[in-house]
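*Asks:* One file: protein12.pdb (PDB, C-alpha atoms, pLDDT in the B column).
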```
ATOM      1  CA  MET X 227       0.000   0.000   0.000  1.00 48.00           C
ATOM      2  CA  ASN X 228       1.555   3.330  -1.095  1.00 55.00           C
ATOM      3  CA  LEU X 229       1.501   6.626   0.759  1.00 46.00           C
ATOM      4  CA  ASN X 230      -1.193   8.079  -1.492  1.00 42.00           C
ATOM      5  CA  LEU X 231      -3.611   5.264  -0.612  1.00 57.00           C
ATOM      6  CA  ILE X 232      -2.812   5.623   3.103  1.00 55.00           C
ATOM      7  CA  ILE X 233      -3.707   9.306   2.951  1.00 40.00           C
ATOM      8  CA  LYS X 234      -6.981   8.500   1.164  1.00 47.00           C
ATOM      9  CA  VAL X 235      -7.916   5.965   3.830  1.00 59.00           C
ATOM     10  CA  LEU X 236      -7.159   8.380   6.666  1.00 55.00           C
ATOM     11  CA  LEU X 237      -9.018  11.223   4.959  1.00 41.00           C
ATOM     12  CA  GLY X 238     -11.978   8.923   4.459  1.00 59.00           C
ATOM     13  CA  LEU X 239     -11.864   8.072   8.151  1.00 57.00           C
ATOM     14  CA  VAL X 240     -11.854  11.753   9.118  1.00 49.00           C
ATOM     15  CA  PHE X 241     -14.774  12.465   6.774  1.00 52.00           C
ATOM     16  CA  CYS X 242     -16.829   9.616   8.210  1.00 57.00           C
ATOM     17  CA  LEU X 243     -16.139  10.722  11.761  1.00 54.00           C
ATOM     18  CA  GLN X 244     -17.207  14.260  10.952  1.00 49.00           C
ATOM     19  CA  LEU X 245     -20.383  12.935   9.344  1.00 57.00           C
ATOM     20  CA  GLN X 246     -21.079  10.751  12.359  1.00 56.00           C
ATOM     21  CA  ALA X 247     -20.585  13.685  14.718  1.00 55.00           C
ATOM     22  CA  GLN X 248     -23.027  15.743  12.668  1.00 52.00           C
ATOM     23  CA  ASN X 249     -25.575  12.926  12.717  1.00 56.00           C
ATOM     24  CA  ALA X 250     -25.233  12.683  16.486  1.00 54.00           C
ATOM     25  CA  LYS X 251     -25.790  16.419  16.828  1.00 51.00           C
ATOM     26  CA  ASN X 252     -28.868  16.290  14.599  1.00 53.00           C
ATOM     27  CA  SER X 253     -30.253  13.371  16.594  1.00 53.00           C
ATOM     28  CA  LEU X 254     -29.807  15.338  19.789  1.00 50.00           C
ATOM     29  CA  ASN X 255     -31.662  18.291  18.343  1.00 50.00           C
ATOM     30  CA  ARG X 256     -34.525  15.978  17.342  1.00 48.00           C
ATOM     31  CA  GLY X 257     -34.766  14.537  20.826  1.00 51.00           C
ATOM     32  CA  GLU X 258     -32.361  11.584  20.499  1.00 48.00           C
ATOM     33  CA  VAL X 259     -34.039  10.006  17.500  1.00 49.00           C
ATOM     34  CA  PRO X 260     -31.785   7.092  16.473  1.00 50.00           C
ATOM     35  CA  SER X 261     -29.882   7.501  13.224  1.00 50.00           C
ATOM     36  CA  LYS X 262     -31.293   5.490  10.322  1.00 55.00           C
ATOM     37  CA  PHE X 263     -27.924   5.450   8.564  1.00 62.00           C
ATOM     38  CA  LYS X 264     -26.874   2.082  10.002  1.00 77.00           C
ATOM     39  CA  PHE X 265     -23.633   1.940   8.005  1.00 78.00           C
ATOM     40  CA  LEU X 266     -21.999   4.377  10.443  1.00 79.00           C
ATOM     41  CA  TYR X 267     -23.804   3.552  13.657  1.00 78.00           C
ATOM     42  CA  ASP X 268     -26.433   1.199  15.037  1.00 82.00           C
ATOM     43  CA  GLU X 269     -27.409   1.688  18.676  1.00 85.00           C
ATOM     44  CA  SER X 270     -28.502  -1.948  19.021  1.00 85.00           C
ATOM     45  CA  ARG X 271     -24.988  -3.146  18.030  1.00 86.00           C
ATOM     46  CA  GLN X 272     -22.986  -0.729  20.176  1.00 89.00           C
ATOM     47  CA  TYR X 273     -20.536  -1.780  22.897  1.00 92.00           C
ATOM     48  CA  ILE X 274     -17.944  -0.063  25.056  1.00 93.00           C
ATOM     49  CA  GLY X 275     -15.022  -2.441  24.733  1.00 95.00           C
ATOM     50  CA  SER X 276     -13.591  -5.591  23.218  1.00 97.00           C
ATOM     51  CA  ILE X 277     -10.743  -8.073  23.643  1.00 97.00           C
ATOM     52  CA  SER X 278      -9.339 -10.006  20.675  1.00 97.00           C
ATOM     53  CA  PHE X 279      -7.045 -13.006  20.287  1.00 97.00           C
ATOM     54  CA  SER X 280      -5.683 -14.006  16.887  1.00 97.00           C
ATOM     55  CA  TYR X 281      -3.419 -16.480  15.135  1.00 98.00           C
ATOM     56  CA  GLN X 282      -1.243 -14.622  12.628  1.00 97.00           C
ATOM     57  CA  MET X 283       0.643 -15.461   9.440  1.00 97.00           C
ATOM     58  CA  PRO X 284       3.395 -12.936   8.552  1.00 97.00           C
ATOM     59  CA  THR X 285       4.748 -12.466   5.033  1.00 96.00           C
ATOM     60  CA  SER X 286       7.837 -10.348   4.358  1.00 95.00           C
ATOM     61  CA  TYR X 287       8.136  -8.086   1.323  1.00 94.00           C
ATOM     62  CA  GLY X 288      10.158  -5.196  -0.086  1.00 93.00           C
ATOM     63  CA  ASP X 289      13.774  -4.411  -0.872  1.00 93.00           C
ATOM     64  CA  ASN X 290      15.024  -4.426   2.722  1.00 93.00           C
ATOM     65  CA  PHE X 291      16.522  -6.850   5.237  1.00 93.00           C
ATOM     66  CA  ILE X 292      13.151  -8.303   6.299  1.00 94.00           C
ATOM     67  CA  GLY X 293      11.813  -8.508   2.762  1.00 94.00           C
ATOM     68  CA  ASP X 294      14.891 -10.299   1.423  1.00 93.00           C
ATOM     69  CA  ALA X 295      16.110 -12.447   4.319  1.00 93.00           C
ATOM     70  CA  TYR X 296      13.033 -13.291   6.430  1.00 95.00           C
ATOM     71  CA  LYS X 297      10.386 -15.931   5.746  1.00 96.00           C
ATOM     72  CA  GLY X 298       7.270 -15.692   7.893  1.00 95.00           C
ATOM     73  CA  LYS X 299       6.215 -18.684  10.015  1.00 95.00           C
ATOM     74  CA  ASP X 300       3.503 -17.857  12.545  1.00 96.00           C
ATOM     75  CA  GLY X 301       2.562 -15.574  15.420  1.00 97.00           C
ATOM     76  CA  PHE X 302      -0.194 -14.370  17.688  1.00 97.00           C
ATOM     77  CA  GLY X 303      -1.833 -11.068  18.600  1.00 97.00           C
ATOM     78  CA  PHE X 304      -3.776  -9.613  21.503  1.00 97.00           C
ATOM     79  CA  ASP X 305      -5.891  -6.425  21.264  1.00 96.00           C
ATOM     80  CA  ALA X 306      -7.920  -4.512  23.854  1.00 97.00           C
ATOM     81  CA  ASN X 307     -10.143  -1.756  22.446  1.00 97.00           C
ATOM     82  CA  LEU X 308     -12.173   1.041  24.046  1.00 96.00           C
ATOM     83  CA  PHE X 309     -14.982   2.534  21.958  1.00 95.00           C
ATOM     84  CA  VAL X 310     -14.718   6.209  22.800  1.00 92.00           C
ATOM     85  CA  PHE X 311     -17.563   7.631  20.696  1.00 89.00           C
ATOM     86  CA  LYS X 312     -19.938   5.431  18.682  1.00 88.00           C
ATOM     87  CA  ASN X 313     -17.725   3.145  16.555  1.00 90.00           C
ATOM     88  CA  LEU X 314     -14.546   5.203  16.994  1.00 91.00           C
ATOM     89  CA  TYR X 315     -12.091   3.307  19.187  1.00 94.00           C
ATOM     90  CA  ILE X 316      -8.574   3.338  20.571  1.00 95.00           C
ATOM     91  CA  GLY X 317      -6.690   0.128  21.240  1.00 95.00           C
ATOM     92  CA  LEU X 318      -3.730  -1.402  23.042  1.00 97.00           C
ATOM     93  CA  ASN X 319      -2.028  -4.118  21.008  1.00 97.00           C
ATOM     94  CA  TYR X 320       0.628  -6.759  21.588  1.00 97.00           C
ATOM     95  CA  GLY X 321       1.949  -9.450  19.281  1.00 97.00           C
ATOM     96  CA  ILE X 322       4.842 -11.765  18.453  1.00 97.00           C
ATOM     97  CA  LYS X 323       5.833 -12.913  14.952  1.00 97.00           C
ATOM     98  CA  ASN X 324       8.288 -15.737  14.153  1.00 97.00           C
ATOM     99  CA  PHE X 325      10.445 -15.830  11.027  1.00 97.00           C
ATOM    100  CA  ASP X 326      12.943 -18.231   9.449  1.00 96.00           C
ATOM    101  CA  ILE X 327      16.103 -16.790   7.922  1.00 94.00           C
ATOM    102  CA  ILE X 328      16.516 -17.667   4.242  1.00 93.00           C
ATOM    103  CA  ASP X 329      19.527 -15.449   3.428  1.00 91.00           C
ATOM    104  CA  ASN X 330      22.241 -15.538   6.082  1.00 89.00           C
ATOM    105  CA  GLN X 331      24.613 -13.503   3.937  1.00 87.00           C
ATOM    106  CA  SER X 332      22.286 -10.497   4.200  1.00 85.00           C
ATOM    107  CA  VAL X 333      21.623 -10.455   7.952  1.00 87.00           C
ATOM    108  CA  GLY X 334      24.011 -12.778   9.795  1.00 83.00           C
ATOM    109  CA  ASN X 335      24.654 -16.326  10.897  1.00 88.00           C
ATOM    110  CA  TYR X 336      21.389 -17.225  12.619  1.00 89.00           C
ATOM    111  CA  ASN X 337      18.444 -19.352  11.544  1.00 92.00           C
ATOM    112  CA  ASN X 338      15.370 -17.626  12.972  1.00 94.00           C
ATOM    113  CA  THR X 339      14.243 -14.395  14.543  1.00 95.00           C
ATOM    114  CA  GLN X 340      11.268 -13.026  16.446  1.00 96.00           C
ATOM    115  CA  ILE X 341       9.557  -9.635  16.238  1.00 96.00           C
ATOM    116  CA  GLU X 342       7.728  -8.429  19.342  1.00 97.00           C
ATOM    117  CA  GLU X 343       5.254  -5.556  18.826  1.00 97.00           C
ATOM    118  CA  ARG X 344       3.667  -3.099  21.293  1.00 97.00           C
ATOM    119  CA  TYR X 345       1.513  -0.336  19.882  1.00 97.00           C
ATOM    120  CA  ILE X 346      -1.560   1.891  20.210  1.00 96.00           C
ATOM    121  CA  THR X 347      -4.144   2.069  17.442  1.00 95.00           C
ATOM    122  CA  ILE X 348      -7.031   4.302  16.479  1.00 93.00           C
ATOM    123  CA  GLY X 349      -9.773   2.956  14.251  1.00 92.00           C
ATOM    124  CA  TYR X 350     -13.383   2.986  13.179  1.00 92.00           C
ATOM    125  CA  GLU X 351     -15.857   0.166  12.570  1.00 92.00           C
ATOM    126  CA  PHE X 352     -18.476   0.369   9.820  1.00 91.00           C
ATOM    127  CA  LEU X 353     -21.680  -1.723   9.724  1.00 92.00           C
ATOM    128  CA  PRO X 354     -22.354  -2.523   6.051  1.00 91.00           C
ATOM    129  CA  VAL X 355     -24.948  -5.286   6.644  1.00 91.00           C
ATOM    130  CA  SER X 356     -26.490  -7.189   9.527  1.00 90.00           C
ATOM    131  CA  LYS X 357     -23.938  -9.118  11.633  1.00 93.00           C
ATOM    132  CA  ILE X 358     -20.984  -7.812   9.578  1.00 95.00           C
ATOM    133  CA  ARG X 359     -18.478  -5.240  10.849  1.00 95.00           C
ATOM    134  CA  LEU X 360     -15.713  -3.687   8.740  1.00 94.00           C
ATOM    135  CA  GLY X 361     -12.885  -1.941  10.582  1.00 93.00           C
ATOM    136  CA  ILE X 362     -10.066   0.296   9.395  1.00 92.00           C
ATOM    137  CA  TYR X 363      -7.249   1.269  11.733  1.00 93.00           C
ATOM    138  CA  THR X 364      -3.763   2.699  12.009  1.00 92.00           C
ATOM    139  CA  SER X 365      -1.157   2.746  14.739  1.00 93.00           C
ATOM    140  CA  VAL X 366      -0.294   6.066  16.384  1.00 91.00           C
ATOM    141  CA  ILE X 367       2.501   4.946  18.731  1.00 92.00           C
ATOM    142  CA  GLY X 368       4.449   1.718  18.346  1.00 95.00           C
ATOM    143  CA  LYS X 369       7.643  -0.093  19.293  1.00 96.00           C
ATOM    144  CA  ALA X 370       9.137  -3.348  18.063  1.00 96.00           C
ATOM    145  CA  THR X 371      11.956  -5.608  19.265  1.00 95.00           C
ATOM    146  CA  LEU X 372      13.806  -7.985  16.936  1.00 94.00           C
ATOM    147  CA  SER X 373      15.485 -10.913  18.714  1.00 93.00           C
ATOM    148  CA  ASN X 374      17.708 -13.760  17.519  1.00 90.00           C
ATOM    149  CA  ASP X 375      20.623 -15.860  18.775  1.00 86.00           C
ATOM    150  CA  LEU X 376      23.143 -13.095  18.089  1.00 86.00           C
ATOM    151  CA  ASN X 377      21.413  -9.734  18.505  1.00 86.00           C
ATOM    152  CA  ARG X 378      18.519  -7.896  20.092  1.00 90.00           C
ATOM    153  CA  ASP X 379      17.529  -4.729  18.224  1.00 90.00           C
ATOM    154  CA  SER X 380      14.643  -2.311  18.614  1.00 91.00           C
ATOM    155  CA  GLY X 381      12.857   0.301  16.568  1.00 92.00           C
ATOM    156  CA  ASN X 382       9.700   2.287  15.944  1.00 95.00           C
ATOM    157  CA  PHE X 383       6.723   0.369  14.637  1.00 95.00           C
ATOM    158  CA  TRP X 384       3.925   1.385  12.257  1.00 93.00           C
ATOM    159  CA  CYS X 385       0.917  -0.514  10.937  1.00 93.00           C
ATOM    160  CA  TYR X 386      -2.407   0.072   9.177  1.00 91.00           C
ATOM    161  CA  GLY X 387      -5.001  -2.399   8.035  1.00 93.00           C
ATOM    162  CA  LEU X 388      -8.501  -3.756   7.503  1.00 94.00           C
ATOM    163  CA  ARG X 389     -10.563  -6.148   9.608  1.00 96.00           C
ATOM    164  CA  LEU X 390     -13.746  -8.037   8.714  1.00 97.00           C
ATOM    165  CA  GLU X 391     -15.922  -9.514  11.483  1.00 97.00           C
ATOM    166  CA  TYR X 392     -18.977 -11.712  11.703  1.00 97.00           C
ATOM    167  CA  GLU X 393     -21.132 -11.390  14.840  1.00 95.00           C
ATOM    168  CA  PHE X 394     -21.382 -15.125  15.493  1.00 93.00           C
ATOM    169  CA  ILE X 395     -23.321 -14.967  18.760  1.00 92.00           C
ATOM    170  CA  LYS X 396     -23.965 -12.225  21.294  1.00 89.00           C
ATOM    171  CA  ASN X 397     -20.660 -10.762  22.537  1.00 93.00           C
ATOM    172  CA  LEU X 398     -18.558 -13.054  20.319  1.00 96.00           C
ATOM    173  CA  ASN X 399     -17.291 -12.155  16.835  1.00 97.00           C
ATOM    174  CA  ILE X 400     -15.208 -14.180  14.402  1.00 97.00           C
ATOM    175  CA  MET X 401     -12.697 -12.046  12.527  1.00 97.00           C
ATOM    176  CA  VAL X 402     -10.136 -11.975   9.742  1.00 97.00           C
ATOM    177  CA  ALA X 403      -7.694  -9.083   9.291  1.00 97.00           C
ATOM    178  CA  TYR X 404      -4.969  -8.028   6.894  1.00 96.00           C
ATOM    179  CA  ASN X 405      -2.468  -5.302   7.658  1.00 93.00           C
ATOM    180  CA  TRP X 406       0.787  -3.750   6.520  1.00 94.00           C
ATOM    181  CA  ARG X 407       3.614  -3.297   9.019  1.00 95.00           C
ATOM    182  CA  GLN X 408       6.898  -1.436   9.076  1.00 95.00           C
ATOM    183  CA  VAL X 409       9.746  -1.440  11.574  1.00 95.00           C
ATOM    184  CA  LYS X 410      12.181   1.479  11.529  1.00 93.00           C
ATOM    185  CA  THR X 411      15.231   0.105  13.277  1.00 88.00           C
ATOM    186  CA  ASP X 412      18.331   1.462  14.977  1.00 80.00           C
ATOM    187  CA  ILE X 413      20.551  -1.403  13.769  1.00 79.00           C
ATOM    188  CA  ARG X 414      24.165  -0.248  13.541  1.00 78.00           C
ATOM    189  CA  VAL X 415      25.694  -1.096  10.185  1.00 77.00           C
ATOM    190  CA  PRO X 416      28.224   0.516   7.808  1.00 79.00           C
ATOM    191  CA  ARG X 417      26.985   3.632   6.055  1.00 79.00           C
ATOM    192  CA  GLU X 418      26.579   1.895   2.698  1.00 77.00           C
ATOM    193  CA  LEU X 419      24.108  -0.565   4.262  1.00 80.00           C
ATOM    194  CA  GLN X 420      22.053   1.912   6.273  1.00 82.00           C
ATOM    195  CA  SER X 421      19.242   2.263   3.751  1.00 84.00           C
ATOM    196  CA  TYR X 422      18.904  -1.527   3.551  1.00 89.00           C
ATOM    197  CA  PHE X 423      18.591  -1.974   7.338  1.00 89.00           C
ATOM    198  CA  GLU X 424      16.826   1.287   8.169  1.00 89.00           C
ATOM    199  CA  LYS X 425      13.343  -0.133   7.573  1.00 92.00           C
ATOM    200  CA  GLY X 426      11.857  -3.616   7.423  1.00 94.00           C
ATOM    201  CA  THR X 427       8.417  -4.394   5.985  1.00 96.00           C
ATOM    202  CA  PHE X 428       5.999  -7.300   6.232  1.00 97.00           C
ATOM    203  CA  ASN X 429       2.280  -8.089   5.956  1.00 96.00           C
ATOM    204  CA  VAL X 430       0.166 -10.082   8.401  1.00 97.00           C
ATOM    205  CA  LEU X 431      -2.960 -12.159   7.810  1.00 97.00           C
ATOM    206  CA  SER X 432      -4.843 -12.815  11.063  1.00 97.00           C
ATOM    207  CA  PHE X 433      -7.668 -15.113  12.128  1.00 97.00           C
ATOM    208  CA  GLY X 434      -9.235 -14.806  15.546  1.00 97.00           C
ATOM    209  CA  VAL X 435     -12.088 -14.194  17.937  1.00 98.00           C
ATOM    210  CA  LYS X 436     -13.287 -10.988  19.529  1.00 97.00           C
ATOM    211  CA  PHE X 437     -15.163 -10.772  22.825  1.00 97.00           C
ATOM    212  CA  THR X 438     -17.288  -7.660  23.352  1.00 96.00           C
ATOM    213  CA  PHE X 439     -18.939  -6.126  26.409  1.00 94.00           C
ATOM    214  CA  GLY X 440     -21.135  -3.178  27.362  1.00 91.00           C
ATOM    215  CA  LYS X 441     -24.060  -1.519  25.569  1.00 88.00           C
ATOM    216  CA  TYR X 442     -22.852   2.100  25.239  1.00 87.00           C
ATOM    217  CA  ASP X 443     -19.738   3.842  24.009  1.00 86.00           C
ATOM    218  CA  PHE X 444     -17.486   5.510  26.593  1.00 89.00           C
ATOM    219  CA  VAL X 445     -18.943   9.013  26.152  1.00 87.00           C
ATOM    220  CA  ASP X 446     -22.547   7.829  26.432  1.00 82.00           C
ATOM    221  CA  ALA X 447     -21.696   5.606  29.406  1.00 82.00           C
ATOM    222  CA  ILE X 448     -20.366   8.648  31.293  1.00 82.00           C
ATOM    223  CA  VAL X 449     -23.344  10.840  30.345  1.00 74.00           C
ATOM    224  CA  LEU X 450     -25.880   8.149  31.228  1.00 62.00           C
TER     225      LEU X 450
END
```
In structure tokens, how does this file's structure come out?

*Replies:*
Amino acid sequence: MNLNLIIKVLLGLVFCLQLQAQNAKNSLNRGEVPSKFKFLYDESRQYIGSISFSYQMPTSYGDNFIGDAYKGKDGFGFDANLFVFKNLYIGLNYGIKNFDIIDNQSVGNYNNTQIEERYITIGYEFLPVSKIRLGIYTSVIGKATLSNDLNRDSGNFWCYGLRLEYEFIKNLNIMVAYNWRQVKTDIRVPRELQSYFEKGTFNVLSFGVKFTFGKYDFVDAIVL
């Protein structure tokens, strides 16, 4: 996903949030009449928080040390989200990804490595049809640690992605997600190799479950 598409996604998110805020204001002026535009918000499907667990499949890509030398194996993720206003949420995220090394000449004499991620996300969930939720999200603060038998390096972490959910039963959703991730490292290498090791990129396909709780978003819960 290029920078232009990222900007379009984020601008679309801002537009939708502004539209939702206007709808909420209009509903208030009409005496709290529920919005009929269910794509952005449905009071009957609202909750205040969620916890997710997922099995993840990383895939490296790009002309960089992760893209060339790493081969994704498996991983897991844990997310805890707070729905601040309607379907706008912030989340705390943790995950570990395991990789095999397929090019020792590029990165060093070790056979596998692990990437540990800690980051905060902001996102929005849309409701296109009954029982289906579509989420878009991006990280706002993130850190990653790369560990192997020889080294332990760290760097800033960035991700953005899409998530599709099916509301299987009350308070339990089944989900699939796909996102793009980047690690900007502080690995010390000769100057001629800095651009190659400065950033590492990989994608992640996730399958998991999401447990939800509450009937109001955070703002409404405080007001009520």

*Asks:* Just how far from atom CA of Ala403 of chain X is atom CA of Asn337 of chain X, in Å to one decimal?

*Replies:* 28.2 Å

*Asks:* Have a look at atom CA of Phe423 of chain X and atom CA of Asn330 of chain X and let me know their distance in Å, one decimal.

*Replies:* 14.1 Å

*Asks:* Figure out the distance between atom CA of Asn405 of chain X and atom CA of Lys323 of chain X, please, to one decimal in Å.

*Replies:*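 Atom CA of Lys323 of chain X sits 13.4 Å away from atom CA of Asn405 of chain X.
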
*Asks:* Name the residues that the PyMOL selection byres ((chain X and resi 340) around 9) picks from the file above, as a PDB file with C-alpha atoms, in the frame of the given file, using the file's chain letters and numbers.

*Replies:*
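See result03.pdb below for the written result:
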```
ATOM      1  CA  ILE X 322       4.842 -11.765  18.453  1.00 97.00           C
ATOM      2  CA  LYS X 323       5.833 -12.913  14.952  1.00 97.00           C
ATOM      3  CA  ASN X 324       8.288 -15.737  14.153  1.00 97.00           C
ATOM      4  CA  PHE X 325      10.445 -15.830  11.027  1.00 97.00           C
ATOM      5  CA  ASP X 326      12.943 -18.231   9.449  1.00 96.00           C
ATOM      6  CA  ASN X 338      15.370 -17.626  12.972  1.00 94.00           C
ATOM      7  CA  THR X 339      14.243 -14.395  14.543  1.00 95.00           C
ATOM      8  CA  ILE X 341       9.557  -9.635  16.238  1.00 96.00           C
ATOM      9  CA  GLU X 342       7.728  -8.429  19.342  1.00 97.00           C
ATOM     10  CA  THR X 371      11.956  -5.608  19.265  1.00 95.00           C
ATOM     11  CA  LEU X 372      13.806  -7.985  16.936  1.00 94.00           C
ATOM     12  CA  SER X 373      15.485 -10.913  18.714  1.00 93.00           C
ATOM     13  CA  ASN X 374      17.708 -13.760  17.519  1.00 90.00           C
TER      14      ASN X 374
END
```

*Asks:* Let me make sure I understand: among X:Ile328, X:Val435, X:Val445, X:Leu353, which one has the smallest atom-to-atom distance to Phe304 of chain X if we use all atoms listed in the file?

*Replies:* X:Val435

*Asks:* Might you pull out every residue within 12 Å of segment 391-400 of chain X, with only C-alpha atoms counted and same-chain residues fewer than 5 positions away left off, and present them as a PyMOL selection string?

*Replies:* chain X and resi 270-280+351-362+432-441

*Asks:* Would you translate the PyMOL selection byres ((chain X and resi 429) around 7) into the concrete set of residues it matches in this file, as a PDB file with C-alpha atoms, in the frame of the given file?

*Replies:*
```pdb
ATOM      1  CA  PRO X 284       3.395 -12.936   8.552  1.00 97.00           C
ATOM      2  CA  THR X 285       4.748 -12.466   5.033  1.00 96.00           C
ATOM      3  CA  SER X 286       7.837 -10.348   4.358  1.00 95.00           C
ATOM      4  CA  ASN X 405      -2.468  -5.302   7.658  1.00 93.00           C
ATOM      5  CA  TRP X 406       0.787  -3.750   6.520  1.00 94.00           C
ATOM      6  CA  ARG X 407       3.614  -3.297   9.019  1.00 95.00           C
ATOM      7  CA  PHE X 428       5.999  -7.300   6.232  1.00 97.00           C
ATOM      8  CA  VAL X 430       0.166 -10.082   8.401  1.00 97.00           C
ATOM      9  CA  LEU X 431      -2.960 -12.159   7.810  1.00 97.00           C
TER      10      LEU X 431
END
```

*Asks:* Here's a test: counting all atoms listed in the file, identify every protein, DNA and RNA residue with an atom at most 8 Å from (4.9, -5.8, 15.3) in the file's coordinate frame, and state them as a ChimeraX atom specification.

*Replies:* /X:320-323,341-345,369-370,383-385,407-409

*Asks:* Counting only C-alpha atoms, which of X:Asn319, X:Asn335, X:Gln420, X:Asn307 gets nearest to Ala295 of chain X?

*Replies:* X:Asn335

*Asks:* With all atoms listed in the file as the atoms that count, which of X:Tyr296, X:Phe311, X:Tyr422, X:Tyr442 lies nearest to Ile348 of chain X?

*Replies:*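 Closest to Ile348 of chain X, using all atoms listed in the file: X:Phe311.
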
*Asks:* Here's a test: counting all atoms listed in the file, identify every protein, DNA and RNA residue with an atom at most 9 Å from (1.9, -21.9, 16.8) in the file's coordinate frame, and state them as a ChimeraX atom specification.

*Replies:* /X:281-282,299-302

*Asks:* Specify as a PyMOL selection string each residue included when the PyMOL selection byres ((chain X and resi 292) around 9) is applied to this file.

*Replies:* chain X and resi 286-291+293-297+333+423+425-428

*Asks:* From the options X:Gly381, X:Gly298, X:Gly349, X:Gly317, which residue's atoms come nearest to Glu424 of chain X, counting only C-alpha atoms?

*Replies:*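 Smallest distance to Glu424 of chain X is found for X:Gly381.
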